[in-house]
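Trainee: This is query-v8.pdb (PDB, C-alpha atoms, pLDDT in the B column).
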ATOM      1  CA  HIS A  30    -314.358  29.624  89.069  1.00 53.00           C
ATOM      2  CA  GLU A  31    -315.771  26.145  88.572  1.00 62.00           C
ATOM      3  CA  LEU A  32    -313.543  23.513  86.978  1.00 63.00           C
ATOM      4  CA  HIS A  33    -314.495  21.735  83.758  1.00 69.00           C
ATOM      5  CA  SER A  34    -315.836  18.195  84.215  1.00 72.00           C
ATOM      6  CA  ASP A  35    -312.750  16.770  82.438  1.00 76.00           C
ATOM      7  CA  HIS A  36    -310.274  18.760  84.553  1.00 85.00           C
ATOM      8  CA  ALA A  37    -307.237  16.723  85.590  1.00 89.00           C
ATOM      9  CA  HIS A  38    -306.519  15.990  89.242  1.00 89.00           C
ATOM     10  CA  PHE A  39    -302.797  16.525  88.604  1.00 92.00           C
ATOM     11  CA  ILE A  40    -300.268  17.247  85.849  1.00 92.00           C
ATOM     12  CA  CYS A  41    -296.785  15.751  85.855  1.00 93.00           C
ATOM     13  CA  ALA A  42    -293.846  14.956  83.578  1.00 93.00           C
ATOM     14  CA  VAL A  43    -293.303  11.208  83.183  1.00 94.00           C
ATOM     15  CA  GLN A  44    -290.628   9.432  81.172  1.00 93.00           C
ATOM     16  CA  LEU A  45    -291.913   8.598  77.711  1.00 91.00           C
ATOM     17  CA  SER A  46    -290.305   5.147  77.933  1.00 90.00           C
ATOM     18  CA  SER A  47    -292.271   4.445  81.145  1.00 92.00           C
ATOM     19  CA  CYS A  48    -295.552   5.343  79.424  1.00 92.00           C
ATOM     20  CA  LYS A  49    -294.688   3.017  76.532  1.00 90.00           C
ATOM     21  CA  SER A  50    -293.800   0.231  78.967  1.00 90.00           C
ATOM     22  CA  LEU A  51    -297.050   0.742  80.873  1.00 90.00           C
ATOM     23  CA  LEU A  52    -299.033   0.371  77.660  1.00 88.00           C
ATOM     24  CA  ARG A  53    -297.135  -2.803  76.664  1.00 86.00           C
ATOM     25  CA  SER A  54    -297.259  -4.324  80.173  1.00 83.00           C
ATOM     26  CA  ALA A  55    -301.051  -4.441  80.448  1.00 71.00           C
ATOM     27  CA  LYS A  56    -300.995  -8.170  79.619  1.00 69.00           C
ATOM     28  CA  THR A  57    -298.197  -9.159  82.036  1.00 71.00           C
ATOM     29  CA  ARG A  58    -299.054  -8.723  85.721  1.00 70.00           C
ATOM     30  CA  SER A  59    -295.492  -8.909  87.130  1.00 70.00           C
ATOM     31  CA  LYS A  60    -294.088  -6.470  84.555  1.00 81.00           C
ATOM     32  CA  HIS A  61    -297.114  -4.208  85.044  1.00 80.00           C
ATOM     33  CA  SER A  62    -296.474  -4.001  88.815  1.00 84.00           C
ATOM     34  CA  GLN A  63    -292.853  -3.037  88.175  1.00 87.00           C
ATOM     35  CA  ILE A  64    -293.825  -0.258  85.736  1.00 91.00           C
ATOM     36  CA  VAL A  65    -296.586   1.017  88.065  1.00 90.00           C
ATOM     37  CA  SER A  66    -294.021   1.272  90.860  1.00 90.00           C
ATOM     38  CA  GLU A  67    -291.653   3.169  88.526  1.00 92.00           C
ATOM     39  CA  ILE A  68    -294.365   5.632  87.449  1.00 93.00           C
ATOM     40  CA  LEU A  69    -295.605   6.165  91.029  1.00 92.00           C
ATOM     41  CA  SER A  70    -292.032   7.033  91.983  1.00 92.00           C
ATOM     42  CA  GLN A  71    -291.837   9.558  89.125  1.00 93.00           C
ATOM     43  CA  LEU A  72    -295.169  11.106  90.153  1.00 93.00           C
ATOM     44  CA  LYS A  73    -294.051  11.431  93.787  1.00 91.00           C
ATOM     45  CA  THR A  74    -290.713  12.926  92.695  1.00 92.00           C
ATOM     46  CA  GLY A  75    -292.698  15.369  90.545  1.00 92.00           C
ATOM     47  CA  GLY A  76    -294.612  16.555  93.612  1.00 92.00           C
ATOM     48  CA  VAL A  77    -297.905  14.753  92.972  1.00 92.00           C
ATOM     49  CA  ASP A  78    -299.838  14.226  96.206  1.00 88.00           C
ATOM     50  CA  LEU A  79    -301.270  10.743  95.698  1.00 85.00           C
ATOM     51  CA  PRO A  80    -303.892   9.154  97.951  1.00 80.00           C
ATOM     52  CA  PRO A  81    -302.259   7.189 100.809  1.00 79.00           C
ATOM     53  CA  SER A  82    -303.911   4.008  99.530  1.00 77.00           C
ATOM     54  CA  ALA A  83    -302.126   4.317  96.162  1.00 77.00           C
ATOM     55  CA  ASP A  84    -299.116   2.283  97.205  1.00 72.00           C
ATOM     56  CA  ASP A  85    -297.066   0.204  94.795  1.00 68.00           C
ATOM     57  CA  ALA A  86    -298.698  -3.128  95.613  1.00 70.00           C
ATOM     58  CA  SER A  87    -302.338  -2.207  95.191  1.00 79.00           C
ATOM     59  CA  CYS A  88    -302.328   0.618  92.637  1.00 85.00           C
ATOM     60  CA  THR A  89    -303.369   0.261  89.016  1.00 87.00           C
ATOM     61  CA  ILE A  90    -302.616   2.821  86.316  1.00 90.00           C
ATOM     62  CA  GLN A  91    -304.597   2.939  83.089  1.00 91.00           C
ATOM     63  CA  VAL A  92    -303.539   4.702  79.884  1.00 92.00           C
ATOM     64  CA  GLY A  93    -306.225   6.976  78.402  1.00 93.00           C
ATOM     65  CA  HIS A  94    -307.099   6.860  74.721  1.00 93.00           C
ATOM     66  CA  HIS A  95    -305.429  10.166  73.773  1.00 93.00           C
ATOM     67  CA  LEU A  96    -302.128   9.059  75.339  1.00 94.00           C
ATOM     68  CA  THR A  97    -302.506   5.594  73.782  1.00 92.00           C
ATOM     69  CA  SER A  98    -302.839   7.187  70.329  1.00 91.00           C
ATOM     70  CA  LEU A  99    -299.782   9.375  70.838  1.00 89.00           C
ATOM     71  CA  LEU A 100    -297.682   6.439  72.063  1.00 89.00           C
ATOM     72  CA  TRP A 101    -298.761   4.375  69.049  1.00 88.00           C
ATOM     73  CA  LEU A 102    -297.798   7.196  66.660  1.00 85.00           C
ATOM     74  CA  GLU A 103    -294.515   7.817  68.468  1.00 81.00           C
ATOM     75  CA  GLY A 104    -293.715   4.103  68.188  1.00 76.00           C
ATOM     76  CA  LYS A 105    -294.171   4.312  64.418  1.00 74.00           C
ATOM     77  CA  LEU A 106    -291.440   6.984  64.335  1.00 70.00           C
ATOM     78  CA  LYS A 107    -289.062   4.517  66.031  1.00 67.00           C
ATOM     79  CA  SER A 108    -287.432   7.236  68.094  1.00 62.00           C
ATOM     80  CA  LYS A 109    -284.210   6.076  69.738  1.00 64.00           C
ATOM     81  CA  LYS A 110    -283.837   9.066  72.062  1.00 66.00           C
ATOM     82  CA  ARG A 111    -283.599   8.222  75.756  1.00 64.00           C
ATOM     83  CA  GLY A 112    -284.635  10.301  78.720  1.00 67.00           C
ATOM     84  CA  GLN A 113    -287.522  12.061  76.996  1.00 87.00           C
ATOM     85  CA  TYR A 114    -290.402  13.199  79.166  1.00 90.00           C
ATOM     86  CA  ILE A 115    -294.042  13.794  78.360  1.00 90.00           C
ATOM     87  CA  MET A 116    -296.439  15.996  80.291  1.00 91.00           C
ATOM     88  CA  VAL A 117    -299.447  13.882  81.268  1.00 94.00           C
ATOM     89  CA  LEU A 118    -302.744  14.596  82.944  1.00 94.00           C
ATOM     90  CA  GLY A 119    -303.579  12.406  85.896  1.00 93.00           C
ATOM     91  CA  TYR A 120    -306.996  11.349  87.086  1.00 92.00           C
ATOM     92  CA  VAL A 121    -307.635   9.638  90.420  1.00 89.00           C
ATOM     93  CA  ASP A 122    -310.434   7.190  89.621  1.00 85.00           C
ATOM     94  CA  GLY A 123    -310.529   5.551  93.054  1.00 82.00           C
ATOM     95  CA  PRO A 124    -308.357   4.999  96.112  1.00 82.00           C
ATOM     96  CA  THR A 125    -305.984   2.737  94.151  1.00 85.00           C
ATOM     97  CA  GLU A 126    -306.816   3.602  90.536  1.00 89.00           C
ATOM     98  CA  LEU A 127    -305.113   6.233  88.397  1.00 92.00           C
ATOM     99  CA  MET A 128    -305.386   7.099  84.732  1.00 93.00           C
ATOM    100  CA  LEU A 129    -302.811   9.006  82.692  1.00 95.00           C
ATOM    101  CA  ASP A 130    -303.872  10.814  79.526  1.00 94.00           C
ATOM    102  CA  LEU A 131    -303.453  13.935  77.391  1.00 92.00           C
ATOM    103  CA  PRO A 132    -305.872  16.804  76.809  1.00 90.00           C
ATOM    104  CA  GLY A 133    -308.336  16.126  74.048  1.00 87.00           C
ATOM    105  CA  GLY A 134    -311.786  16.853  72.794  1.00 87.00           C
ATOM    106  CA  LYS A 135    -313.829  18.006  69.868  1.00 89.00           C
ATOM    107  CA  ARG A 136    -313.457  21.211  67.922  1.00 90.00           C
ATOM    108  CA  HIS A 137    -316.284  23.683  68.249  1.00 93.00           C
ATOM    109  CA  LEU A 138    -318.016  24.900  65.101  1.00 94.00           C
ATOM    110  CA  GLY A 139    -315.771  27.415  63.285  1.00 92.00           C
ATOM    111  CA  GLU A 140    -312.814  26.725  65.566  1.00 91.00           C
ATOM    112  CA  SER A 141    -309.353  25.967  64.134  1.00 88.00           C
ATOM    113  CA  THR A 142    -307.293  23.021  65.403  1.00 87.00           C
ATOM    114  CA  LEU A 143    -305.013  25.496  67.194  1.00 89.00           C
ATOM    115  CA  GLU A 144    -307.931  27.281  68.863  1.00 91.00           C
ATOM    116  CA  SER A 145    -309.324  23.919  69.959  1.00 91.00           C
ATOM    117  CA  LEU A 146    -305.944  22.899  71.388  1.00 90.00           C
ATOM    118  CA  VAL A 147    -305.630  26.091  73.418  1.00 92.00           C
ATOM    119  CA  ARG A 148    -309.209  25.796  74.729  1.00 92.00           C
ATOM    120  CA  GLU A 149    -308.987  22.083  75.616  1.00 91.00           C
ATOM    121  CA  VAL A 150    -305.694  22.524  77.475  1.00 91.00           C
ATOM    122  CA  MET A 151    -307.211  25.412  79.467  1.00 91.00           C
ATOM    123  CA  GLU A 152    -310.368  23.428  80.282  1.00 90.00           C
ATOM    124  CA  GLU A 153    -308.546  20.284  81.359  1.00 91.00           C
ATOM    125  CA  THR A 154    -305.452  21.737  83.066  1.00 90.00           C
ATOM    126  CA  SER A 155    -306.041  25.442  83.806  1.00 89.00           C
ATOM    127  CA  LEU A 156    -302.806  26.090  81.879  1.00 90.00           C
ATOM    128  CA  GLU A 157    -302.881  28.930  79.390  1.00 92.00           C
ATOM    129  CA  LEU A 158    -300.943  28.233  76.202  1.00 92.00           C
ATOM    130  CA  ASP A 159    -299.332  31.098  74.294  1.00 92.00           C
ATOM    131  CA  LYS A 160    -301.382  30.987  71.096  1.00 90.00           C
ATOM    132  CA  HIS A 161    -299.044  33.373  69.254  1.00 91.00           C
ATOM    133  CA  TRP A 162    -295.972  31.259  70.086  1.00 92.00           C
ATOM    134  CA  LEU A 163    -297.788  28.167  68.775  1.00 90.00           C
ATOM    135  CA  GLU A 164    -298.999  29.962  65.622  1.00 89.00           C
ATOM    136  CA  GLU A 165    -295.382  30.664  64.659  1.00 90.00           C
ATOM    137  CA  ARG A 166    -294.572  26.944  64.861  1.00 86.00           C
ATOM    138  CA  LEU A 167    -297.641  25.316  63.286  1.00 85.00           C
ATOM    139  CA  SER A 168    -298.662  25.072  59.654  1.00 85.00           C
ATOM    140  CA  ARG A 169    -301.676  26.907  58.282  1.00 85.00           C
ATOM    141  CA  ARG A 170    -303.381  23.529  58.045  1.00 83.00           C
ATOM    142  CA  TYR A 171    -303.704  23.548  61.859  1.00 79.00           C
ATOM    143  CA  GLY A 172    -304.363  27.255  62.334  1.00 82.00           C
ATOM    144  CA  GLY A 173    -300.739  28.401  62.418  1.00 82.00           C
ATOM    145  CA  ALA A 174    -298.745  30.742  60.219  1.00 84.00           C
ATOM    146  CA  LEU A 175    -296.294  28.373  58.466  1.00 82.00           C
ATOM    147  CA  ASP A 176    -296.592  27.286  54.855  1.00 80.00           C
ATOM    148  CA  GLU A 177    -297.023  23.509  54.421  1.00 69.00           C
ATOM    149  CA  ASN A 178    -293.653  23.256  52.656  1.00 69.00           C
ATOM    150  CA  SER A 179    -291.601  25.195  55.219  1.00 56.00           C
ATOM    151  CA  GLU A 180    -289.477  23.325  57.730  1.00 51.00           C
TER     152      GLU A 180
END
Please, can you express the file's structure as structure tokens?

Mentor:
Amino acid sequence: HELHSDHAHFICAVQLSSCKSLLRSAKTRSKHSQIVSEILSQLKTGGVDLPPSADDASCTIQVGHHLTSLLWLEGKLKSKKRGQYIMVLGYVDGPTELMLDLPGGKRHLGESTLESLVREVMEETSLELDKHWLEERLSRRYGGALDENSE
């Protein structure tokens, strides 16, 4: 079957702290190179087959807008937990250019947030989410089964 135009080239778990550092380091070249090297190492350890030209010295990694939004929101929570990982989608934009992001898109007419989530993840990753498992954990506001006031 043909892949969706937004389908990721790879999926990998990356340390949340590394993603935050990558976002903050965009203005500092030396710090950015250090973080890129760290993330490339995590991707290789995670089994991602990167292009041979994507070595530490020449590679650039961009943060997509969905991941940027999540990192901004997560920063507002001021989480102190260490060692957390986030599953990111990876796009190879050139021999030395990568972009990390999350699935995202628009809801179709009549579609709940949950239905949109399940569809977008399938389109962009070929991963099938268990809709019933998610329904049990999300509020009705997002298409789940929980009351707004339940914990």

Trainee: Pick from A:Val77, A:Met116, A:Leu143, A:Ala174: nearest to Asp159 of chain A, with all atoms listed in the file counted?

Mentor: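 Residue with the minimum atom-to-atom distance to Asp159 of chain A: A:Leu143.
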
Trainee: Nearest to Leu45 of chain A among A:Gln71, A:Thr142, A:Ser87, A:Ser82, with distances taken over only C-alpha atoms: which residue is it?

Mentor: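 For Leu45 of chain A, the nearest of the candidates is A:Gln71.
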
Trainee: Counting all atoms listed in the file, which of A:Leu106, A:Leu138, A:Val117, A:Val65 gets nearest to Thr154 of chain A?

Mentor: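 Nearest to Thr154 of chain A: A:Val117.
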
Trainee: With only C-alpha atoms as the atoms that count, which of A:Asp78, A:Glu149, A:Ser141, A:Ser155 lies nearest to Ser168 of chain A?

Mentor: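 The answer is A:Ser141, which sits nearest to Ser168 of chain A.
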
Trainee: Restricting the calculation to all atoms listed in the file: of A:Gln44, A:Ser145, A:Thr57, A:Ser50, which residue gets closest to Trp101 of chain A?

Mentor: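 That would be A:Ser50, the residue with the smallest distance to Trp101 of chain A.
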
Trainee: I'd like to know which of A:Tyr120, A:Gly172, A:Ile40, A:Met151 is closest to Gly139 of chain A, using only C-alpha atoms.

Mentor: A:Gly172

Trainee: Report, in Å with one decimal, the straight-line distance from atom CA of Leu99 of chain A to atom CA of Leu131 of chain A.

Mentor: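 Interatomic distance here is 8.8 Å.
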
Trainee: Report, in Å to a single decimal, how far apart atom CA of Lys49 of chain A and atom CA of Glu103 of chain A are.

Mentor: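 It comes out at 9.4 Å.
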
Trainee: Using all atoms listed in the file, which residues sit within 9 Å of Ser62 of chain A once same-chain residues fewer than 3 positions away are excluded, as number ranges by chain?

Mentor: A: 54, 57-59, 65-67, 85-89

Trainee: Grab the atom CA of Glu140 of chain A to atom CA of His38 of chain A distance for me, in Å with one decimal place.

Mentor: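 Separation between atom CA of Glu140 of chain A and atom CA of His38 of chain A: 26.7 Å.
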
Trainee: Using the chain letters and numbers from this file, what does the PyMOL selection byres ((chain A and resi 132) around 9) select? Give the answer as a list in words.

Mentor: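 On the file shown, the PyMOL selection byres ((chain A and resi 132) around 9) covers Asp35, Ala37, His95, Leu96, Val117, Leu118, Asp130, Leu131, Gly133, Gly134, Leu146, Glu149, Val150, Glu152, Glu153 and Thr154 of chain A.
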
Trainee: Using the chain letters and residue numbers of this document, give as a list in words the residues selected by the PyMOL selection byres ((chain A and resi 91) around 10).

Mentor: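 Evaluating the PyMOL selection byres ((chain A and resi 91) around 10) on these coordinates yields Leu51, Leu52, Ala55, Val65, Thr89, Ile90, Val92, Gly93, His94, Thr97, Gly119, Tyr120, Asp122, Glu126, Leu127, Met128, Leu129 and Asp130 of chain A.
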